[in-house]
file query-v9.cif (mmCIF, C-alpha atoms)
data_final
loop_
_atom_site.label_atom_id
_atom_site.label_comp_id
_atom_site.auth_asym_id
_atom_site.auth_seq_id
_atom_site.Cartn_x
_atom_site.Cartn_y
_atom_site.Cartn_z
CA MET Q 1 -51.92 30.80 -150.77
CA ASP Q 2 -50.54 30.89 -147.26
CA VAL Q 3 -46.86 31.22 -146.36
CA PHE Q 4 -46.47 27.57 -145.29
CA THR Q 5 -47.85 26.37 -148.63
CA ALA Q 6 -45.44 28.61 -150.52
CA ILE Q 7 -42.49 27.39 -148.45
CA SER Q 8 -43.43 23.73 -148.69
CA GLN Q 9 -44.21 23.72 -152.42
CA ARG Q 10 -41.68 26.05 -154.05
CA SER Q 11 -38.48 24.67 -155.45
CA SER Q 12 -35.65 25.92 -157.62
CA VAL Q 13 -36.54 26.47 -161.27
CA ARG Q 14 -33.88 25.99 -163.93
CA ALA Q 15 -36.02 26.22 -167.09
CA TYR Q 16 -38.07 29.29 -167.99
CA LYS Q 17 -40.64 30.17 -170.63
CA ALA Q 18 -39.79 33.09 -172.90
CA SER Q 19 -42.85 34.98 -171.57
CA ASP Q 20 -42.13 38.37 -170.06
CA VAL Q 21 -42.71 39.00 -166.36
CA GLU Q 22 -45.50 41.53 -165.95
CA GLU Q 23 -44.37 44.85 -164.50
CA ASP Q 24 -46.94 44.76 -161.68
CA LYS Q 25 -45.70 41.33 -160.56
CA LEU Q 26 -42.07 42.43 -160.68
CA LYS Q 27 -42.89 45.56 -158.67
CA LYS Q 28 -44.73 43.49 -156.05
CA ILE Q 29 -41.72 41.19 -155.70
CA LEU Q 30 -39.37 44.16 -155.34
CA GLU Q 31 -41.75 45.80 -152.87
CA THR Q 32 -41.61 42.60 -150.81
CA GLY Q 33 -37.83 43.00 -150.68
CA ARG Q 34 -38.19 46.63 -149.65
CA LEU Q 35 -40.52 45.70 -146.80
CA SER Q 36 -38.30 42.89 -145.50
CA PRO Q 37 -36.75 43.20 -142.05
CA SER Q 38 -33.14 44.31 -141.66
CA ALA Q 39 -30.76 44.92 -138.76
CA SER Q 40 -31.74 48.21 -137.08
CA ASN Q 41 -34.05 48.76 -140.08
CA ARG Q 42 -31.06 50.07 -142.05
CA GLN Q 43 -32.19 48.53 -145.36
CA GLU Q 44 -28.62 48.55 -146.66
CA TRP Q 45 -29.42 46.82 -149.95
CA LYS Q 46 -29.80 47.39 -153.64
CA PHE Q 47 -31.63 45.11 -156.07
CA ILE Q 48 -30.54 45.28 -159.70
CA VAL Q 49 -33.13 44.15 -162.23
CA VAL Q 50 -31.53 42.82 -165.41
CA ARG Q 51 -33.58 42.22 -168.57
CA ASP Q 52 -30.95 42.80 -171.26
CA LYS Q 53 -30.24 39.50 -173.04
CA GLU Q 54 -26.49 40.07 -173.44
CA THR Q 55 -26.07 41.16 -169.82
CA LYS Q 56 -27.96 38.07 -168.62
CA LYS Q 57 -25.66 35.86 -170.71
CA LYS Q 58 -22.63 37.52 -169.12
CA LEU Q 59 -24.13 36.93 -165.66
CA ALA Q 60 -24.69 33.26 -166.55
CA ASN Q 61 -21.02 32.98 -167.55
CA ALA Q 62 -19.97 34.66 -164.29
CA ALA Q 63 -22.09 32.02 -162.53
CA PHE Q 64 -19.85 29.24 -163.81
CA GLY Q 65 -21.80 28.77 -167.01
CA GLN Q 66 -25.24 28.17 -165.52
CA THR Q 67 -26.93 28.97 -168.84
CA PHE Q 68 -30.49 28.87 -167.50
CA ILE Q 69 -29.77 32.16 -165.73
CA GLY Q 70 -29.40 33.89 -169.08
CA GLU Q 71 -32.57 32.26 -170.41
CA ALA Q 72 -34.87 33.70 -167.74
CA PRO Q 73 -36.73 36.89 -168.70
CA VAL Q 74 -35.38 38.69 -165.60
CA VAL Q 75 -32.42 38.29 -163.28
CA ILE Q 76 -32.43 40.04 -159.91
CA VAL Q 77 -29.00 40.70 -158.41
CA ALA Q 78 -29.15 41.40 -154.67
CA CYS Q 79 -26.41 43.54 -153.13
CA GLY Q 80 -25.44 44.66 -149.65
CA THR Q 81 -24.51 48.33 -149.75
CA GLU Q 82 -22.87 48.48 -146.30
CA SER Q 83 -20.45 45.61 -145.99
CA LYS Q 84 -18.64 46.63 -142.79
CA ALA Q 85 -21.54 46.53 -140.30
CA ILE Q 86 -21.32 43.58 -137.92
CA MET Q 87 -24.30 42.53 -135.81
CA ALA Q 88 -23.82 42.02 -132.07
CA CYS Q 89 -23.78 38.25 -132.67
CA GLY Q 90 -20.73 38.64 -134.90
CA GLN Q 91 -22.41 38.07 -138.27
CA PRO Q 92 -22.02 40.56 -141.13
CA ALA Q 93 -25.35 42.39 -141.29
CA TYR Q 94 -25.45 42.59 -145.08
CA THR Q 95 -25.40 38.81 -145.60
CA VAL Q 96 -28.27 38.27 -143.17
CA ASP Q 97 -30.35 41.26 -144.29
CA VAL Q 98 -30.04 40.66 -148.01
CA SER Q 99 -30.67 36.94 -147.56
CA ILE Q 100 -33.90 37.64 -145.68
CA ALA Q 101 -35.04 40.04 -148.42
CA CYS Q 102 -34.18 37.51 -151.15
CA ALA Q 103 -36.05 34.73 -149.36
CA PHE Q 104 -39.13 36.92 -149.01
CA MET Q 105 -38.96 37.94 -152.70
CA ILE Q 106 -38.59 34.31 -153.80
CA LEU Q 107 -41.68 33.33 -151.81
CA GLN Q 108 -43.64 36.27 -153.25
CA ALA Q 109 -42.59 35.24 -156.75
CA TYR Q 110 -43.84 31.71 -156.13
CA GLU Q 111 -47.19 32.99 -154.91
CA LEU Q 112 -47.47 34.98 -158.16
CA GLY Q 113 -46.82 31.86 -160.26
CA LEU Q 114 -43.21 32.70 -161.06
CA GLY Q 115 -40.13 30.56 -160.63
CA THR Q 116 -36.77 31.45 -159.13
CA CYS Q 117 -33.48 29.79 -158.22
CA TRP Q 118 -31.20 31.14 -155.49
CA ILE Q 119 -27.79 31.55 -157.12
CA GLY Q 120 -24.85 31.71 -154.75
CA ALA Q 121 -22.28 30.18 -157.10
CA PHE Q 122 -20.83 33.10 -159.03
CA LYS Q 123 -17.64 35.08 -159.40
CA GLU Q 124 -18.45 38.24 -157.50
CA ASP Q 125 -15.74 40.32 -159.14
CA GLU Q 126 -17.10 39.46 -162.60
CA VAL Q 127 -20.69 40.26 -161.62
CA LYS Q 128 -19.53 43.59 -160.21
CA LYS Q 129 -17.69 44.41 -163.43
CA ILE Q 130 -20.67 43.46 -165.64
CA LEU Q 131 -23.12 45.58 -163.62
CA LYS Q 132 -20.71 48.40 -162.64
CA ILE Q 133 -21.17 47.67 -158.93
CA PRO Q 134 -18.85 49.70 -156.67
CA GLU Q 135 -16.01 47.88 -154.95
CA ASP Q 136 -17.40 48.42 -151.42
CA VAL Q 137 -20.79 46.88 -152.33
CA ARG Q 138 -21.14 43.09 -151.96
CA VAL Q 139 -23.15 40.82 -154.23
CA VAL Q 140 -24.98 38.35 -151.98
CA ALA Q 141 -27.17 36.44 -154.42
CA MET Q 142 -28.78 36.40 -157.81
CA THR Q 143 -32.02 34.85 -158.91
CA PRO Q 144 -33.44 34.31 -162.35
CA LEU Q 145 -37.15 35.12 -162.46
CA GLY Q 146 -39.77 33.92 -164.90
CA TYR Q 147 -42.54 31.48 -165.62
CA PRO Q 148 -41.39 27.87 -165.14
CA ASP Q 149 -41.09 25.90 -168.36
CA GLN Q 150 -41.25 22.64 -166.44
CA LEU Q 151 -42.20 21.79 -162.92
CA PRO Q 152 -39.16 20.89 -160.84
CA SER Q 153 -39.27 17.78 -158.69
CA GLN Q 154 -39.74 18.23 -154.97
CA LYS Q 155 -36.62 17.59 -152.93
CA SER Q 156 -36.63 15.45 -149.84
CA ARG Q 157 -36.16 17.22 -146.52
CA LYS Q 158 -34.77 15.99 -143.21
CA ASP Q 159 -37.23 15.12 -140.46
CA LEU Q 160 -37.73 17.68 -137.68
CA ASP Q 161 -36.11 15.41 -135.09
CA GLN Q 162 -32.89 15.55 -137.15
CA ILE Q 163 -32.65 19.33 -137.08
CA VAL Q 164 -34.39 20.51 -133.90
CA CYS Q 165 -33.12 20.45 -130.30
CA TYR Q 166 -34.90 21.73 -127.22
CA GLU Q 167 -33.30 23.70 -124.41
CA LYS Q 168 -29.70 22.94 -125.50
CA TYR Q 169 -27.69 21.79 -128.50
CA GLU Q 170 -27.55 18.05 -128.90
CA ARG Q 171 -25.67 16.00 -131.48
CA LYS Q 172 -27.88 13.24 -132.73
CA ARG Q 173 -26.44 10.26 -134.44
CA THR Q 174 -28.15 9.21 -137.62
#
call {"tool": "encode", "arguments": {"input": "query-v9.cif", "output": "structure tokens"}}
result
Amino acid sequence: MDVFTAISQRSSVRAYKASDVEEDKLKKILETGRLSPSASNRQEWKFIVVRDKETKKKLANAAFGQTFIGEAPVVIVACGTESKAIMACGQPAYTVDVSIACAFMILQAYELGLGTCWIGAFKEDEVKKILKIPEDVRVVAMTPLGYPDQLPSQKSRKDLDQIVCYEKYERKRT
């Protein structure tokens, strides 16, 4: 599978089979995160792999009751370990770096036949308490990981001419 196919075909999975995720597949996904680009190659991230059923349920509750999170065999919690670094463009480096790594891991998971769902709706303070994450570390995202129990429907996407400008920013009326 090529990258474009993975990007165009993957979608968020919210129902998972009870089947375990093979260790070699999980390691490949995590290795993809490790190899992802980061600002100044600092790699200021930590990925917490959660398999414990009770802990996953607590994470689901911290994610506003999204129960499917607790039903996945694995949940990966992605953290930025240096939250004060600001890139020259003014963006916090940890949000960009960890997001890139998560996106790469999600695509790798899809290529391996696994489903994921980017979770950004959660109470960070609760997630930190559940996983004993230090105060200065930021939780950027979580994703359940497992074999899809049903194929999600493909979402419609905007046309290129709605989202692309050339040479300068232009507001297009739709």
call {"tool": "resolve_selection", "arguments": {"input": "query-v9.cif", "expression": "the PyMOL selection byres ((chain Q and resi 33) around 8)", "output": "list in words"}}
result
Ile29, Leu30, Glu31, Thr32, Arg34, Leu35, Ser36, Ala101, Cys102, Phe104 and Met105 of chain Q
call {"tool": "closest_residue", "arguments": {"input": "query-v9.cif", "among": "Q:Phe4, Q:Val49, Q:Gly113, Q:Ile133", "to": "Leu151 in chain Q", "atoms": "only C-alpha atoms"}}
result
Q:Gly113
call {"tool": "closest_residue", "arguments": {"input": "query-v9.cif", "among": "Q:Pro148, Q:Gly120, Q:Gly90, Q:Pro134", "to": "Phe64 in chain Q", "atoms": "only C-alpha atoms"}}
result
Q:Gly120
call {"tool": "residues_around", "arguments": {"input": "query-v9.cif", "residues": "Pro73 in chain Q", "least_positions_apart": "2", "cutoff": "10 Å", "atoms": "only C-alpha atoms", "output": "list in words"}}
result
Tyr16, Lys17, Ala18, Ser19, Asp20, Val21, Val50, Arg51, Asp52, Lys53, Lys56, Ile69, Gly70, Glu71, Val75, Pro144, Leu145, Gly146 and Tyr147 of chain Q
call {"tool": "atom_distance", "arguments": {"input": "query-v9.cif", "atom1": "CA of Arg14 in chain Q", "atom2": "CA of Ala60 in chain Q"}}
result
12.0 Å
call {"tool": "build_atoms", "arguments": {"input": "query-v9.cif", "residues": "range 137-173 of chain Q", "atoms": "N, CA and C atoms", "output": "PDB file, in the coordinates of the input"}}
result
ATOM      1  N   VAL Q 137     -19.481  47.545-152.357  1.00  0.00           N
ATOM      2  CA  VAL Q 137     -20.790  46.880-152.330  1.00  0.00           C
ATOM      3  C   VAL Q 137     -20.562  45.393-152.565  1.00  0.00           C
ATOM      4  N   ARG Q 138     -21.291  44.540-151.840  1.00  0.00           N
ATOM      5  CA  ARG Q 138     -21.140  43.090-151.960  1.00  0.00           C
ATOM      6  C   ARG Q 138     -22.345  42.474-152.665  1.00  0.00           C
ATOM      7  N   VAL Q 139     -22.082  41.574-153.572  1.00  0.00           N
ATOM      8  CA  VAL Q 139     -23.150  40.820-154.230  1.00  0.00           C
ATOM      9  C   VAL Q 139     -23.405  39.575-153.382  1.00  0.00           C
ATOM     10  N   VAL Q 140     -24.627  39.458-152.875  1.00  0.00           N
ATOM     11  CA  VAL Q 140     -24.980  38.350-151.980  1.00  0.00           C
ATOM     12  C   VAL Q 140     -25.584  37.193-152.762  1.00  0.00           C
ATOM     13  N   ALA Q 141     -26.471  37.493-153.682  1.00  0.00           N
ATOM     14  CA  ALA Q 141     -27.170  36.440-154.420  1.00  0.00           C
ATOM     15  C   ALA Q 141     -27.728  36.990-155.712  1.00  0.00           C
ATOM     16  N   MET Q 142     -28.052  36.067-156.596  1.00  0.00           N
ATOM     17  CA  MET Q 142     -28.780  36.400-157.810  1.00  0.00           C
ATOM     18  C   MET Q 142     -29.926  35.405-157.918  1.00  0.00           C
ATOM     19  N   THR Q 143     -30.984  35.807-158.580  1.00  0.00           N
ATOM     20  CA  THR Q 143     -32.020  34.850-158.910  1.00  0.00           C
ATOM     21  C   THR Q 143     -32.604  35.158-160.277  1.00  0.00           C
ATOM     22  N   PRO Q 144     -32.654  34.143-161.148  1.00  0.00           N
ATOM     23  CA  PRO Q 144     -33.440  34.310-162.350  1.00  0.00           C
ATOM     24  C   PRO Q 144     -34.909  34.344-161.947  1.00  0.00           C
ATOM     25  N   LEU Q 145     -35.733  34.974-162.771  1.00  0.00           N
ATOM     26  CA  LEU Q 145     -37.150  35.120-162.460  1.00  0.00           C
ATOM     27  C   LEU Q 145     -37.953  34.982-163.746  1.00  0.00           C
ATOM     28  N   GLY Q 146     -38.933  34.091-163.718  1.00  0.00           N
ATOM     29  CA  GLY Q 146     -39.770  33.920-164.900  1.00  0.00           C
ATOM     30  C   GLY Q 146     -40.777  32.811-164.671  1.00  0.00           C
ATOM     31  N   TYR Q 147     -41.549  32.557-165.696  1.00  0.00           N
ATOM     32  CA  TYR Q 147     -42.540  31.480-165.620  1.00  0.00           C
ATOM     33  C   TYR Q 147     -41.838  30.146-165.862  1.00  0.00           C
ATOM     34  N   PRO Q 148     -42.046  29.178-164.972  1.00  0.00           N
ATOM     35  CA  PRO Q 148     -41.390  27.870-165.140  1.00  0.00           C
ATOM     36  C   PRO Q 148     -41.799  27.206-166.455  1.00  0.00           C
ATOM     37  N   ASP Q 149     -40.824  26.634-167.134  1.00  0.00           N
ATOM     38  CA  ASP Q 149     -41.090  25.900-168.360  1.00  0.00           C
ATOM     39  C   ASP Q 149     -41.383  24.431-168.057  1.00  0.00           C
ATOM     40  N   GLN Q 150     -40.947  23.989-166.911  1.00  0.00           N
ATOM     41  CA  GLN Q 150     -41.250  22.640-166.440  1.00  0.00           C
ATOM     42  C   GLN Q 150     -41.287  22.676-164.934  1.00  0.00           C
ATOM     43  N   LEU Q 151     -42.102  21.823-164.373  1.00  0.00           N
ATOM     44  CA  LEU Q 151     -42.200  21.790-162.920  1.00  0.00           C
ATOM     45  C   LEU Q 151     -41.039  21.004-162.347  1.00  0.00           C
ATOM     46  N   PRO Q 152     -40.274  21.616-161.446  1.00  0.00           N
ATOM     47  CA  PRO Q 152     -39.160  20.890-160.840  1.00  0.00           C
ATOM     48  C   PRO Q 152     -39.677  19.841-159.866  1.00  0.00           C
ATOM     49  N   SER Q 153     -38.881  18.815-159.653  1.00  0.00           N
ATOM     50  CA  SER Q 153     -39.270  17.780-158.690  1.00  0.00           C
ATOM     51  C   SER Q 153     -39.044  18.296-157.275  1.00  0.00           C
ATOM     52  N   GLN Q 154     -39.881  17.842-156.366  1.00  0.00           N
ATOM     53  CA  GLN Q 154     -39.740  18.230-154.970  1.00  0.00           C
ATOM     54  C   GLN Q 154     -38.550  17.483-154.359  1.00  0.00           C
ATOM     55  N   LYS Q 155     -37.780  18.189-153.589  1.00  0.00           N
ATOM     56  CA  LYS Q 155     -36.620  17.590-152.930  1.00  0.00           C
ATOM     57  C   LYS Q 155     -37.025  17.027-151.572  1.00  0.00           C
ATOM     58  N   SER Q 156     -36.353  15.991-151.165  1.00  0.00           N
ATOM     59  CA  SER Q 156     -36.630  15.450-149.840  1.00  0.00           C
ATOM     60  C   SER Q 156     -36.030  16.369-148.775  1.00  0.00           C
ATOM     61  N   ARG Q 157     -36.619  16.382-147.629  1.00  0.00           N
ATOM     62  CA  ARG Q 157     -36.160  17.220-146.520  1.00  0.00           C
ATOM     63  C   ARG Q 157     -35.935  16.334-145.302  1.00  0.00           C
ATOM     64  N   LYS Q 158     -35.008  16.725-144.452  1.00  0.00           N
ATOM     65  CA  LYS Q 158     -34.770  15.990-143.210  1.00  0.00           C
ATOM     66  C   LYS Q 158     -35.988  16.085-142.305  1.00  0.00           C
ATOM     67  N   ASP Q 159     -36.155  15.088-141.460  1.00  0.00           N
ATOM     68  CA  ASP Q 159     -37.230  15.120-140.460  1.00  0.00           C
ATOM     69  C   ASP Q 159     -36.893  16.143-139.390  1.00  0.00           C
ATOM     70  N   LEU Q 160     -37.924  16.689-138.751  1.00  0.00           N
ATOM     71  CA  LEU Q 160     -37.730  17.680-137.680  1.00  0.00           C
ATOM     72  C   LEU Q 160     -36.798  17.175-136.590  1.00  0.00           C
ATOM     73  N   ASP Q 161     -36.939  15.905-136.202  1.00  0.00           N
ATOM     74  CA  ASP Q 161     -36.110  15.410-135.090  1.00  0.00           C
ATOM     75  C   ASP Q 161     -34.625  15.347-135.455  1.00  0.00           C
ATOM     76  N   GLN Q 162     -34.287  15.501-136.728  1.00  0.00           N
ATOM     77  CA  GLN Q 162     -32.890  15.550-137.150  1.00  0.00           C
ATOM     78  C   GLN Q 162     -32.303  16.951-137.066  1.00  0.00           C
ATOM     79  N   ILE Q 163     -33.161  17.963-137.003  1.00  0.00           N
ATOM     80  CA  ILE Q 163     -32.650  19.330-137.080  1.00  0.00           C
ATOM     81  C   ILE Q 163     -33.064  20.216-135.912  1.00  0.00           C
ATOM     82  N   VAL Q 164     -33.883  19.699-135.007  1.00  0.00           N
ATOM     83  CA  VAL Q 164     -34.390  20.510-133.900  1.00  0.00           C
ATOM     84  C   VAL Q 164     -33.925  19.927-132.572  1.00  0.00           C
ATOM     85  N   CYS Q 165     -33.453  20.804-131.682  1.00  0.00           N
ATOM     86  CA  CYS Q 165     -33.120  20.450-130.300  1.00  0.00           C
ATOM     87  C   CYS Q 165     -33.952  21.349-129.391  1.00  0.00           C
ATOM     88  N   TYR Q 166     -34.169  20.909-128.186  1.00  0.00           N
ATOM     89  CA  TYR Q 166     -34.900  21.730-127.220  1.00  0.00           C
ATOM     90  C   TYR Q 166     -34.022  21.987-126.009  1.00  0.00           C
ATOM     91  N   GLU Q 167     -33.992  23.223-125.602  1.00  0.00           N
ATOM     92  CA  GLU Q 167     -33.300  23.700-124.410  1.00  0.00           C
ATOM     93  C   GLU Q 167     -31.783  23.761-124.538  1.00  0.00           C
ATOM     94  N   LYS Q 168     -31.154  22.892-125.308  1.00  0.00           N
ATOM     95  CA  LYS Q 168     -29.700  22.940-125.500  1.00  0.00           C
ATOM     96  C   LYS Q 168     -29.348  22.195-126.787  1.00  0.00           C
ATOM     97  N   TYR Q 169     -28.160  22.449-127.281  1.00  0.00           N
ATOM     98  CA  TYR Q 169     -27.690  21.790-128.500  1.00  0.00           C
ATOM     99  C   TYR Q 169     -27.377  20.331-128.197  1.00  0.00           C
ATOM    100  N   GLU Q 170     -27.847  19.473-129.049  1.00  0.00           N
ATOM    101  CA  GLU Q 170     -27.550  18.050-128.900  1.00  0.00           C
ATOM    102  C   GLU Q 170     -27.124  17.495-130.252  1.00  0.00           C
ATOM    103  N   ARG Q 171     -26.072  16.694-130.247  1.00  0.00           N
ATOM    104  CA  ARG Q 171     -25.670  16.000-131.480  1.00  0.00           C
ATOM    105  C   ARG Q 171     -26.433  14.680-131.522  1.00  0.00           C
ATOM    106  N   LYS Q 172     -27.141  14.494-132.591  1.00  0.00           N
ATOM    107  CA  LYS Q 172     -27.880  13.240-132.730  1.00  0.00           C
ATOM    108  C   LYS Q 172     -27.191  12.409-133.786  1.00  0.00           C
ATOM    109  N   ARG Q 173     -27.068  11.171-133.486  1.00  0.00           N
ATOM    110  CA  ARG Q 173     -26.440  10.260-134.440  1.00  0.00           C
ATOM    111  C   ARG Q 173     -27.516   9.725-135.375  1.00  0.00           C
TER     112      ARG Q 173
END
